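Colleague: Provided below: coords-v4.txt, containing compact mmCIF, C-alpha atoms.
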# COMPACT_ATOMS: atom_id res chain seq x y z
CA MET A 1 -17.22 -7.40 98.29
CA THR A 2 -13.57 -7.46 99.34
CA PRO A 3 -11.02 -7.64 96.54
CA THR A 4 -8.69 -10.66 96.74
CA PRO A 5 -4.89 -10.16 96.84
CA ASP A 6 -4.72 -11.45 93.25
CA PHE A 7 -7.30 -8.92 92.15
CA ASP A 8 -5.43 -6.17 93.95
CA ALA A 9 -2.14 -7.13 92.30
CA GLU A 10 -3.72 -7.26 88.83
CA TYR A 11 -5.43 -3.89 89.46
CA ARG A 12 -2.11 -2.28 90.38
CA ARG A 13 -0.31 -3.89 87.44
CA ARG A 14 -2.85 -2.50 84.98
CA GLN A 15 -2.81 0.91 86.63
CA LYS A 16 0.98 0.99 86.45
CA SER A 17 1.17 -0.05 82.79
CA ARG A 18 -1.46 2.56 81.86
CA SER A 19 0.46 5.22 83.77
CA VAL A 20 3.69 4.30 81.99
CA VAL A 21 2.04 4.45 78.53
CA THR A 22 0.32 7.76 79.36
CA GLY A 23 3.62 9.18 80.59
CA LEU A 24 5.44 8.11 77.45
CA ALA A 25 2.69 9.58 75.24
CA LEU A 26 2.81 12.89 77.13
CA GLY A 27 6.61 12.97 76.87
CA ALA A 28 6.40 12.37 73.11
CA LEU A 29 3.85 15.18 72.80
CA VAL A 30 6.11 17.60 74.69
CA ILE A 31 8.92 16.85 72.23
CA LEU A 32 6.52 17.19 69.27
CA PHE A 33 5.13 20.53 70.50
CA PHE A 34 8.66 21.82 71.00
CA ALA A 35 9.61 20.76 67.45
CA ILE A 36 6.44 22.33 65.98
CA ALA A 37 7.07 25.60 67.84
CA PHE A 38 10.70 25.60 66.67
CA VAL A 39 9.71 25.05 63.00
CA ARG A 40 6.92 27.63 63.12
CA ILE A 41 9.15 30.30 64.67
CA LYS A 42 12.02 29.52 62.29
CA ASN A 43 9.75 29.70 59.23
CA GLY A 44 8.09 32.87 60.47
CA MET B 1 -25.82 -0.76 85.95
CA ALA B 2 -25.95 -1.85 89.61
CA SER B 3 -28.81 -0.55 91.76
CA PRO B 4 -27.81 1.58 94.80
CA ALA B 5 -28.74 -1.28 97.17
CA ALA B 6 -26.70 -3.92 95.35
CA PRO B 7 -23.17 -4.66 96.57
CA MET B 8 -20.52 -3.01 94.40
CA THR B 9 -18.58 -5.50 92.28
CA PRO B 10 -15.00 -4.33 91.82
CA THR B 11 -13.98 -4.16 88.16
CA LEU B 12 -10.50 -4.09 86.69
CA PRO B 13 -9.48 -1.02 84.69
CA ALA B 14 -9.03 -1.65 80.97
CA GLU B 15 -5.50 -2.32 79.79
CA TRP B 16 -3.75 0.20 77.52
CA ARG B 17 -3.81 -2.48 74.80
CA ASP B 18 -7.60 -2.34 74.88
CA PHE B 19 -7.52 1.39 74.20
CA LEU B 20 -5.15 0.70 71.31
CA ALA B 21 -7.55 -1.96 69.98
CA LEU B 22 -10.37 0.63 70.04
CA THR B 23 -8.50 2.62 67.39
CA LYS B 24 -8.68 -0.28 64.85
CA PRO B 25 -4.93 -0.24 64.07
CA ARG B 26 -5.28 -2.34 60.89
CA VAL B 27 -7.81 0.05 59.36
CA MET B 28 -5.64 2.92 60.52
CA SER B 29 -2.66 1.60 58.55
CA LEU B 30 -4.51 2.04 55.23
CA VAL B 31 -5.81 5.45 56.30
CA VAL B 32 -2.32 6.61 57.28
CA PHE B 33 -0.83 5.25 54.07
CA THR B 34 -3.34 6.98 51.77
CA GLY B 35 -3.02 10.21 53.79
CA LEU B 36 0.76 10.08 53.54
CA CYS B 37 0.62 9.40 49.81
CA GLY B 38 -1.81 12.31 49.34
CA MET B 39 0.74 14.52 51.06
CA LEU B 40 3.76 13.18 49.16
CA ALA B 41 1.94 13.49 45.83
CA ALA B 42 1.41 17.22 46.39
CA PRO B 43 3.73 19.45 44.33
CA VAL B 44 5.18 21.27 47.36
CA HIS B 45 7.80 20.57 50.00
CA VAL B 46 6.45 20.00 53.50
CA HIS B 47 8.70 20.36 56.53
CA PRO B 48 9.16 16.84 58.00
CA VAL B 49 7.93 17.93 61.45
CA ILE B 50 4.75 19.47 60.03
CA GLY B 51 4.25 16.49 57.72
CA PHE B 52 4.68 14.05 60.61
CA THR B 53 2.22 16.06 62.70
CA ALA B 54 -0.36 16.05 59.90
CA ILE B 55 -0.12 12.27 59.47
CA LEU B 56 -0.23 11.79 63.26
CA CYS B 57 -3.45 13.84 63.33
CA VAL B 58 -4.92 11.73 60.52
CA ALA B 59 -4.03 8.58 62.49
CA LEU B 60 -5.47 9.97 65.74
CA GLY B 61 -8.64 11.10 63.94
CA ALA B 62 -9.04 7.64 62.40
CA GLY B 63 -8.44 6.08 65.82
CA ALA B 64 -11.06 8.35 67.37
CA SER B 65 -13.56 7.37 64.66
CA GLY B 66 -12.85 3.69 65.33
CA ALA B 67 -13.30 4.13 69.08
CA LEU B 68 -16.60 5.98 68.67
CA ASN B 69 -17.77 3.37 66.17
CA MET B 70 -17.01 0.59 68.68
CA TRP B 71 -18.72 2.55 71.45
CA TYR B 72 -21.92 2.86 69.39
CA GLU B 73 -21.86 -0.65 67.93
CA ALA B 74 -21.03 -2.65 71.07
CA ASP B 75 -24.39 -4.42 70.84
CA ILE B 76 -23.95 -5.72 67.29
CA ASP B 77 -20.24 -6.42 67.80
CA ARG B 78 -21.30 -8.83 70.55
CA VAL B 79 -23.25 -11.06 68.13
CA MET B 80 -20.75 -11.10 65.26
CA ARG B 81 -17.94 -13.64 65.42
CA ARG B 82 -15.56 -11.27 63.62
CA THR B 83 -15.99 -8.60 66.32
CA GLU B 84 -16.98 -10.42 69.52
CA LYS B 85 -13.44 -10.25 70.95
CA ARG B 86 -13.23 -6.46 70.77
CA PRO B 87 -12.74 -4.75 74.17
CA LEU B 88 -16.37 -3.68 74.70
CA PRO B 89 -18.28 -6.85 73.68
CA ALA B 90 -15.67 -8.95 75.51
CA GLY B 91 -16.36 -6.93 78.68
CA ARG B 92 -12.79 -5.72 79.13
CA MET B 93 -13.78 -2.06 79.14
CA GLU B 94 -16.62 0.22 80.27
CA ARG B 95 -18.58 1.77 77.37
CA GLN B 96 -18.18 5.23 78.86
CA ALA B 97 -14.39 4.91 78.85
CA ALA B 98 -14.53 4.23 75.09
CA LEU B 99 -16.78 7.27 74.55
CA HIS B 100 -14.49 9.59 76.54
CA PHE B 101 -11.42 8.23 74.79
CA GLY B 102 -12.97 8.66 71.33
CA VAL B 103 -14.28 12.19 71.90
CA GLY B 104 -11.02 13.30 73.52
CA LEU B 105 -8.89 11.87 70.73
CA ALA B 106 -11.13 13.41 68.03
CA ALA B 107 -11.02 16.88 69.59
CA PHE B 108 -7.26 16.68 70.14
CA SER B 109 -6.50 15.53 66.57
CA VAL B 110 -8.56 18.33 64.99
CA LEU B 111 -7.15 21.02 67.33
CA LEU B 112 -3.56 19.91 66.74
CA MET B 113 -4.09 19.82 62.97
CA GLY B 114 -5.59 23.33 63.04
CA LEU B 115 -2.87 24.83 65.22
CA ALA B 116 0.18 23.06 63.79
CA VAL B 117 -0.71 22.44 60.13
CA ASN B 118 -3.58 24.47 58.65
CA VAL B 119 -7.28 25.17 59.11
CA LEU B 120 -8.43 23.53 55.85
CA ALA B 121 -6.81 20.18 56.74
CA ALA B 122 -8.33 20.42 60.24
CA ALA B 123 -11.78 21.17 58.80
CA ILE B 124 -11.64 18.18 56.43
CA LEU B 125 -10.42 15.96 59.29
CA ALA B 126 -13.33 17.11 61.47
CA VAL B 127 -15.80 16.44 58.62
CA SER B 128 -14.33 12.96 58.07
CA ILE B 129 -14.68 12.02 61.76
CA LEU B 130 -18.23 13.38 61.97
CA PHE B 131 -19.16 11.70 58.69
CA TYR B 132 -17.89 8.29 59.85
CA VAL B 133 -19.48 8.49 63.28
CA LEU B 134 -22.77 10.30 62.61
CA ILE B 135 -23.61 9.63 58.95
CA TYR B 136 -22.21 6.09 58.59
CA THR B 137 -22.25 4.53 62.08
CA VAL B 138 -25.30 6.14 63.65
CA TRP B 139 -27.50 6.91 60.63
CA LEU B 140 -26.81 4.62 57.68
CA LYS B 141 -25.29 1.36 58.86
CA ARG B 142 -28.38 -0.13 60.50
CA ARG B 143 -30.91 1.43 58.13
CA THR B 144 -29.98 0.89 54.51
CA PRO B 145 -28.04 -1.53 52.30
CA GLN B 146 -26.50 1.59 50.74
CA ASN B 147 -24.59 2.07 54.03
CA ILE B 148 -21.27 1.17 52.46
CA VAL B 149 -21.85 3.23 49.29
CA ILE B 150 -22.38 6.54 51.11
CA GLY B 151 -20.32 5.62 54.17
CA GLY B 152 -17.37 4.90 51.91
CA ALA B 153 -16.79 8.64 51.74
CA ALA B 154 -15.60 8.57 55.35
CA GLY B 155 -12.57 6.45 54.47
CA ALA B 156 -11.89 8.46 51.33
CA PHE B 157 -10.93 11.69 53.10
CA PRO B 158 -7.29 10.91 54.11
CA PRO B 159 -5.63 11.61 50.71
CA LEU B 160 -7.60 14.85 50.58
CA ILE B 161 -6.42 15.74 54.10
CA GLY B 162 -2.80 14.87 53.22
CA TRP B 163 -2.90 17.07 50.13
CA ALA B 164 -4.63 19.94 52.00
CA ALA B 165 -2.05 19.66 54.80
CA ALA B 166 0.75 20.09 52.25
CA THR B 167 -0.73 22.79 50.00
CA GLY B 168 -3.46 24.50 52.05
CA GLN B 169 -5.91 23.92 49.18
CA VAL B 170 -7.74 21.21 47.24
CA SER B 171 -7.36 20.52 43.51
CA LEU B 172 -8.44 17.94 40.91
CA LEU B 173 -5.93 15.15 41.71
CA PRO B 174 -6.84 14.81 45.42
CA VAL B 175 -10.52 14.92 44.46
CA LEU B 176 -9.88 12.01 42.07
CA LEU B 177 -8.03 10.15 44.85
CA PHE B 178 -11.02 10.76 47.13
CA SER B 179 -13.34 9.43 44.41
CA LEU B 180 -11.11 6.39 43.89
CA VAL B 181 -11.31 5.29 47.54
CA PHE B 182 -15.03 6.19 47.61
CA LEU B 183 -15.76 3.95 44.59
CA TRP B 184 -13.38 1.22 45.77
CA THR B 185 -15.20 0.78 49.08
CA PRO B 186 -18.41 -0.95 47.83
CA PRO B 187 -16.74 -3.78 45.85
CA HIS B 188 -14.19 -4.22 48.66
CA PHE B 189 -16.77 -4.53 51.45
CA TRP B 190 -19.38 -6.39 49.41
CA ALA B 191 -16.79 -9.03 48.51
CA LEU B 192 -16.19 -9.42 52.26
CA SER B 193 -19.91 -9.45 53.07
CA LEU B 194 -20.49 -12.30 50.59
CA PHE B 195 -18.41 -14.73 52.60
CA ILE B 196 -19.33 -13.47 56.09
CA ASN B 197 -22.99 -12.94 55.21
CA SER B 198 -24.31 -14.96 58.15
CA ASP B 199 -22.44 -12.75 60.63
CA TYR B 200 -24.14 -9.58 59.31
CA ALA B 201 -27.53 -11.31 59.10
CA LYS B 202 -27.20 -12.46 62.73
CA ALA B 203 -26.47 -8.90 63.83
CA GLY B 204 -29.36 -7.48 61.77
CA VAL B 205 -27.07 -5.23 59.73
CA PRO B 206 -28.75 -4.63 56.33
CA MET B 207 -25.68 -5.29 54.20
CA MET B 208 -26.41 -5.61 50.49
CA SER B 209 -25.83 -9.38 50.61
CA VAL B 210 -28.32 -9.74 53.48
CA VAL B 211 -31.09 -7.58 51.99
CA ALA B 212 -30.75 -8.06 48.22
CA GLY B 213 -29.21 -11.53 48.21
CA THR B 214 -25.87 -12.77 46.94
CA LYS B 215 -26.80 -12.73 43.23
CA SER B 216 -27.63 -9.02 43.23
CA THR B 217 -24.58 -8.25 45.37
CA ARG B 218 -22.30 -10.11 42.97
CA ARG B 219 -23.71 -8.09 40.05
CA GLN B 220 -23.19 -4.83 41.92
CA VAL B 221 -19.61 -5.74 42.87
CA PHE B 222 -18.90 -6.08 39.16
CA LEU B 223 -20.82 -2.94 38.15
CA TYR B 224 -19.24 -0.71 40.81
CA SER B 225 -15.76 -1.89 39.79
CA TRP B 226 -16.07 -0.14 36.40
CA PRO B 227 -16.39 3.49 37.57
CA MET B 228 -13.70 2.72 40.17
CA ALA B 229 -11.32 1.50 37.47
CA ILE B 230 -12.05 4.53 35.26
CA VAL B 231 -11.38 6.96 38.12
CA ALA B 232 -8.22 5.01 39.05
CA VAL B 233 -6.74 5.45 35.57
CA ALA B 234 -8.14 8.97 34.93
CA PRO B 235 -5.24 10.98 36.45
CA TRP B 236 -2.93 9.71 33.67
CA PRO B 237 -4.91 10.78 30.54
CA LEU B 238 -5.80 14.01 32.34
CA GLY B 239 -2.09 14.79 32.57
CA LEU B 240 -2.01 14.82 36.36
CA THR B 241 0.43 11.88 36.60
CA HIS B 242 3.03 10.21 34.41
CA ALA B 243 3.62 6.75 32.94
CA ILE B 244 4.53 4.93 36.20
CA TYR B 245 1.15 5.61 37.75
CA GLY B 246 -0.61 5.23 34.39
CA GLY B 247 0.88 1.79 33.71
CA VAL B 248 0.40 0.45 37.23
CA SER B 249 -3.17 1.73 37.49
CA ALA B 250 -4.14 0.35 34.05
CA VAL B 251 -2.72 -3.14 34.71
CA LEU B 252 -4.01 -3.45 38.27
CA SER B 253 -7.44 -2.11 37.34
CA LEU B 254 -7.71 -4.74 34.60
CA VAL B 255 -6.83 -7.45 37.14
CA PHE B 256 -9.41 -5.97 39.55
CA LEU B 257 -12.07 -6.03 36.84
CA GLY B 258 -11.16 -9.63 36.01
CA LEU B 259 -11.50 -10.74 39.63
CA ALA B 260 -14.72 -8.73 40.02
CA GLY B 261 -16.02 -10.46 36.89
CA LEU B 262 -15.31 -13.88 38.42
CA VAL B 263 -17.23 -12.81 41.55
CA GLY B 264 -20.02 -11.23 39.47
CA PHE B 265 -20.68 -14.35 37.43
CA SER B 266 -20.08 -16.93 40.16
CA ALA B 267 -23.01 -18.91 41.55
CA GLU B 268 -21.25 -20.25 44.66
CA SER B 269 -23.48 -20.13 47.73
CA ASP B 270 -21.28 -21.84 50.34
CA PRO B 271 -19.15 -19.15 52.09
CA ALA B 272 -16.45 -21.73 52.80
CA LEU B 273 -15.97 -22.30 49.06
CA MET B 274 -16.03 -18.64 47.97
CA LYS B 275 -12.42 -18.41 46.83
CA HIS B 276 -13.07 -15.75 44.14
CA GLU B 277 -14.66 -13.47 46.75
CA ARG B 278 -11.77 -13.96 49.18
CA ARG B 279 -9.29 -13.34 46.38
CA LEU B 280 -11.03 -10.12 45.32
CA PHE B 281 -11.19 -8.90 48.92
CA ALA B 282 -7.46 -9.56 49.47
CA PHE B 283 -6.49 -8.11 46.09
CA SER B 284 -8.57 -4.97 46.66
CA ILE B 285 -6.38 -4.08 49.66
CA LEU B 286 -3.19 -4.67 47.68
CA TYR B 287 -4.70 -2.68 44.79
CA LEU B 288 -5.20 0.46 46.85
CA PHE B 289 -1.75 0.23 48.48
CA ALA B 290 -0.14 -0.32 45.06
CA LEU B 291 -1.98 2.56 43.34
CA PHE B 292 -1.06 5.07 46.03
CA GLY B 293 2.51 3.73 46.13
CA ALA B 294 2.75 4.12 42.35
CA LEU B 295 1.41 7.68 42.60
CA VAL B 296 4.19 8.67 45.00
CA ALA B 297 6.85 6.84 42.94
CA ASP B 298 5.54 8.61 39.82
CA ARG B 299 5.73 12.00 41.52
CA MET B 300 9.17 11.45 43.00
CA LEU B 301 10.85 9.83 39.99
CA LEU B 302 9.29 11.62 37.04
CA SER B 303 8.27 15.10 38.26
Can you present the structure in this file as structure tokens?

Modeller:
Amino acid sequence: MTPTPDFDAEYRRRQKSRSVVTGLALGALVILFFAIAFVRIKNG
Amino acid sequence: MASPAAPMTPTLPAEWRDFLALTKPRVMSLVVFTGLCGMLAAPVHVHPVIGFTAILCVALGAGASGALNMWYEADIDRVMRRTEKRPLPAGRMERQAALHFGVGLAAFSVLLMGLAVNVLAAAILAVSILFYVLIYTVWLKRRTPQNIVIGGAAGAFPPLIGWAAATGQVSLLPVLLFSLVFLWTPPHFWALSLFINSDYAKAGVPMMSVVAGTKSTRRQVFLYSWPMAIVAVAPWPLGLTHAIYGGVSAVLSLVFLGLAGLVGFSAESDPALMKHERRLFAFSILYLFALFGALVADRMLLS
């Protein structure tokens, strides 16, 4: 079955929004891990 | 599943909102709140970063439990009106994606708690996830009308986890908070089950109201409210809290008992007319939020 252009566009839109959310979550985790490491090292 | 000879039907990937819906955000809000209050009620200072991480782990663990619950219960969610629009029964997501998401989130939350906070909090978090998924969802829910009674323990862990995250140990007050949520769960859910009885019956879930009938369920809502009220007030006479918590818990528990009494002695059989049951269900949520809020206010203002 060949995907229609509409299907293709919706597929890419969903893929893009999932990638953006995943990227934001990973970025937030990087900041959190940095903060945890900083606190742990500072507190010994 | 399509046979190898059948033409492949292209399917759209689930939206990120569907993954968020798998985590049951509304349930998570109560879990996060009780976990946070358990942490703030502890008599020690927690670094904000570590405290935030602990609560994040509690939220992620609760989300993982919700996702795994939806993965396992997709078949009964499909026949209940309350749950038919969830991502799996609505066909917006593959079951396997929900399983992978739930297992990944569960493992991550426990590992992060263990590495960043402490091992005891991580162990209790792991037990709470396993209890909710294996004991409640897989074992009890479809087998016994006591599903809510025993399964209620799963939702009672967050204050214990919050306290353990702050202090690295468990003492009497967090155990009482655990018991409070544990004993609160049956009257809360049975009040709900009274006015959505047909939904549970349709799905074949042996809720108390389906198996024992509404009269017996009403009586048990009232009876279970008594030990709950006693445990709610207990921290005050035991000297674990001060007057703010004592006063709030005494007044609200009396109101709870009054509403439970109205449900217990009602003979209404039409779900559309069950206003006492709806009122008790709504009040029970406010009750738990208010008690935990009062506990933190008590600790911060009077300790």

Colleague: Give me, as JSON lines, the closest atom pair and its distance (Å, one decimal) for every residue of chain B within a cut-off of 6 Å of chain A, counting all atoms listed in the file, rows sorted by chain and rising number.

Modeller:
{"residue": "B:Leu12", "atom": "CA", "partner": "A:Tyr11", "partner_atom": "CA", "distance": 5.8}
{"residue": "B:Glu15", "atom": "CA", "partner": "A:Arg14", "partner_atom": "CA", "distance": 5.8}
{"residue": "B:Trp16", "atom": "CA", "partner": "A:Arg18", "partner_atom": "CA", "distance": 5.4}

Colleague: For atom CA of Gly38 of chain B and atom CA of Gly162 of chain B, determine how far apart the two atoms are, in Å to one decimal place.

Modeller: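 We find that atom CA of Gly38 of chain B and atom CA of Gly162 of chain B lie 4.8 Å from each other.
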
Colleague: Calculate how many Å separate atom CA of Gly204 of chain B from atom CA of Arg218 of chain B, rounding to one decimal.

Modeller: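 Distance reported for this atom pair: 20.3 Å.
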
Colleague: Around all listed atoms of segment 25-42 of chain A, padded 4 Å per side, what centre and edge lengths does the axis-aligned box have in Å to one decimal, as JSON?

Modeller:
{"center_x": 7.4, "center_y": 19.9, "center_z": 69.7, "size_x": 17.3, "size_y": 28.7, "size_z": 22.8}

Colleague: Calculate how many Å separate atom CA of Lys141 of chain B from atom CA of Leu273 of chain B, rounding to one decimal.

Modeller: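 Between these atoms lies a distance of 27.3 Å.
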
Colleague: When you count all atoms listed in the file, which of these residues is closest to Ser109 of chain B: B:Pro43, B:Pro87, B:Gly63, B:Pro145?

Modeller: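 Smallest distance to Ser109 of chain B is found for B:Gly63.
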
Colleague: Skip segment 177-188 of chain B itself and residues of its chain fewer than 4 positions away, then list as number ranges by chain all residues within 8 Å of it, counting all atoms listed in the file.

Modeller: B: 38, 148-149, 152-153, 155-160, 173, 192, 220-222, 224-225, 227-228, 231-232, 260, 280-281, 284-285, 288

Colleague: Got time to write the residues from that selection, C-alpha atoms, as a compact mmCIF listing (two decimals), in the frame of the given file?

Modeller:
# COMPACT_ATOMS: atom_id res chain seq x y z
CA GLY B 38 -1.81 12.31 49.34
CA ILE B 148 -21.27 1.17 52.46
CA VAL B 149 -21.85 3.23 49.29
CA GLY B 152 -17.37 4.90 51.91
CA ALA B 153 -16.79 8.64 51.74
CA GLY B 155 -12.57 6.45 54.47
CA ALA B 156 -11.89 8.46 51.33
CA PHE B 157 -10.93 11.69 53.10
CA PRO B 158 -7.29 10.91 54.11
CA PRO B 159 -5.63 11.61 50.71
CA LEU B 160 -7.60 14.85 50.58
CA LEU B 173 -5.93 15.15 41.71
CA LEU B 192 -16.19 -9.42 52.26
CA GLN B 220 -23.19 -4.83 41.92
CA VAL B 221 -19.61 -5.74 42.87
CA PHE B 222 -18.90 -6.08 39.16
CA TYR B 224 -19.24 -0.71 40.81
CA SER B 225 -15.76 -1.89 39.79
CA PRO B 227 -16.39 3.49 37.57
CA MET B 228 -13.70 2.72 40.17
CA VAL B 231 -11.38 6.96 38.12
CA ALA B 232 -8.22 5.01 39.05
CA ALA B 260 -14.72 -8.73 40.02
CA LEU B 280 -11.03 -10.12 45.32
CA PHE B 281 -11.19 -8.90 48.92
CA SER B 284 -8.57 -4.97 46.66
CA ILE B 285 -6.38 -4.08 49.66
CA LEU B 288 -5.20 0.46 46.85

Colleague: Which polymer residues have any atom within 12 Å of an atom of Asp77 of chain B, counting all atoms listed in the file, with same-chain residues fewer than 2 positions away left out, as a list in words?

Modeller: Asn69, Met70, Trp71, Tyr72, Glu73, Ala74, Asp75, Val79, Met80, Arg81, Arg82, Thr83, Glu84, Lys85, Arg86, Pro87, Leu88, Pro89, Ala90, Gly91, Asp199, Tyr200, Lys202, Ala203, Gly204 and Val205 of chain B

Colleague: Quick one: everything within 7 Å of segment 114-128 of chain B, counting only C-alpha atoms, minus sequence neighbours fewer than 5 positions away in the same chain. Send it as a short mmCIF file (atom, residue, chain, number, x, y, z; two decimals) with C-alpha atoms, keeping the file's coordinate frame.

Modeller:
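See part.cif below for the written result:
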data_model
loop_
_atom_site.label_atom_id
_atom_site.label_comp_id
_atom_site.auth_asym_id
_atom_site.auth_seq_id
_atom_site.Cartn_x
_atom_site.Cartn_y
_atom_site.Cartn_z
CA ILE A 36 6.44 22.33 65.98
CA ILE B 50 4.75 19.47 60.03
CA ALA B 54 -0.36 16.05 59.90
CA GLY B 61 -8.64 11.10 63.94
CA ALA B 154 -15.60 8.57 55.35
CA PHE B 157 -10.93 11.69 53.10
CA ILE B 161 -6.42 15.74 54.10
CA ALA B 164 -4.63 19.94 52.00
CA ALA B 165 -2.05 19.66 54.80
CA GLY B 168 -3.46 24.50 52.05
#

Colleague: Can you rebuild segment 32-39 of chain A with all heavy atoms and give it as a JSON list (two decimals), in the coordinates of the input?

Modeller:
[["chain", "number", "residue", "atom", "x", "y", "z"],
["A", 32, "LEU", "N", 7.15, 16.78, 70.53],
["A", 32, "LEU", "CA", 6.52, 17.19, 69.27],
["A", 32, "LEU", "C", 6.13, 18.66, 69.29],
["A", 32, "LEU", "O", 6.39, 19.40, 68.33],
["A", 32, "LEU", "CB", 5.28, 16.31, 69.01],
["A", 32, "LEU", "CG", 4.52, 16.63, 67.72],
["A", 32, "LEU", "CD1", 5.37, 16.32, 66.48],
["A", 32, "LEU", "CD2", 3.21, 15.85, 67.64],
["A", 33, "PHE", "N", 5.54, 19.12, 70.40],
["A", 33, "PHE", "CA", 5.13, 20.53, 70.50],
["A", 33, "PHE", "C", 6.35, 21.45, 70.43],
["A", 33, "PHE", "O", 6.30, 22.51, 69.81],
["A", 33, "PHE", "CB", 4.36, 20.79, 71.81],
["A", 33, "PHE", "CG", 2.99, 20.16, 71.83],
["A", 33, "PHE", "CD1", 2.30, 20.00, 73.01],
["A", 33, "PHE", "CD2", 2.38, 19.74, 70.66],
["A", 33, "PHE", "CE1", 1.03, 19.42, 73.03],
["A", 33, "PHE", "CE2", 1.12, 19.16, 70.67],
["A", 33, "PHE", "CZ", 0.45, 19.00, 71.86],
["A", 34, "PHE", "N", 7.43, 21.02, 71.06],
["A", 34, "PHE", "CA", 8.66, 21.82, 71.00],
["A", 34, "PHE", "C", 9.14, 21.92, 69.55],
["A", 34, "PHE", "O", 9.48, 23.00, 69.06],
["A", 34, "PHE", "CB", 9.74, 21.17, 71.88],
["A", 34, "PHE", "CG", 11.07, 21.87, 71.81],
["A", 34, "PHE", "CD1", 11.29, 23.06, 72.49],
["A", 34, "PHE", "CD2", 12.09, 21.36, 71.02],
["A", 34, "PHE", "CE1", 12.51, 23.71, 72.40],
["A", 34, "PHE", "CE2", 13.31, 22.01, 70.93],
["A", 34, "PHE", "CZ", 13.51, 23.19, 71.63],
["A", 35, "ALA", "N", 9.14, 20.77, 68.84],
["A", 35, "ALA", "CA", 9.61, 20.76, 67.45],
["A", 35, "ALA", "C", 8.70, 21.61, 66.56],
["A", 35, "ALA", "O", 9.19, 22.37, 65.71],
["A", 35, "ALA", "CB", 9.64, 19.31, 66.94],
["A", 36, "ILE", "N", 7.38, 21.52, 66.79],
["A", 36, "ILE", "CA", 6.44, 22.33, 65.98],
["A", 36, "ILE", "C", 6.70, 23.82, 66.22],
["A", 36, "ILE", "O", 6.78, 24.62, 65.28],
["A", 36, "ILE", "CB", 4.97, 21.98, 66.33],
["A", 36, "ILE", "CG1", 4.64, 20.56, 65.87],
["A", 36, "ILE", "CG2", 4.01, 22.96, 65.67],
["A", 36, "ILE", "CD1", 3.32, 20.03, 66.42],
["A", 37, "ALA", "N", 6.84, 24.19, 67.50],
["A", 37, "ALA", "CA", 7.07, 25.60, 67.84],
["A", 37, "ALA", "C", 8.37, 26.08, 67.19],
["A", 37, "ALA", "O", 8.43, 27.18, 66.62],
["A", 37, "ALA", "CB", 7.14, 25.76, 69.35],
["A", 38, "PHE", "N", 9.40, 25.26, 67.24],
["A", 38, "PHE", "CA", 10.70, 25.60, 66.67],
["A", 38, "PHE", "C", 10.56, 25.85, 65.16],
["A", 38, "PHE", "O", 11.04, 26.86, 64.64],
["A", 38, "PHE", "CB", 11.68, 24.44, 66.94],
["A", 38, "PHE", "CG", 13.08, 24.73, 66.53],
["A", 38, "PHE", "CD1", 13.91, 25.52, 67.32],
["A", 38, "PHE", "CD2", 13.58, 24.21, 65.34],
["A", 38, "PHE", "CE1", 15.22, 25.80, 66.93],
["A", 38, "PHE", "CE2", 14.89, 24.47, 64.94],
["A", 38, "PHE", "CZ", 15.70, 25.26, 65.74],
["A", 39, "VAL", "N", 9.87, 24.93, 64.46],
["A", 39, "VAL", "CA", 9.71, 25.05, 63.00],
["A", 39, "VAL", "C", 8.88, 26.28, 62.66],
["A", 39, "VAL", "O", 9.22, 27.04, 61.75],
["A", 39, "VAL", "CB", 9.05, 23.78, 62.42],
["A", 39, "VAL", "CG1", 8.64, 23.97, 60.96],
["A", 39, "VAL", "CG2", 9.99, 22.59, 62.54]]
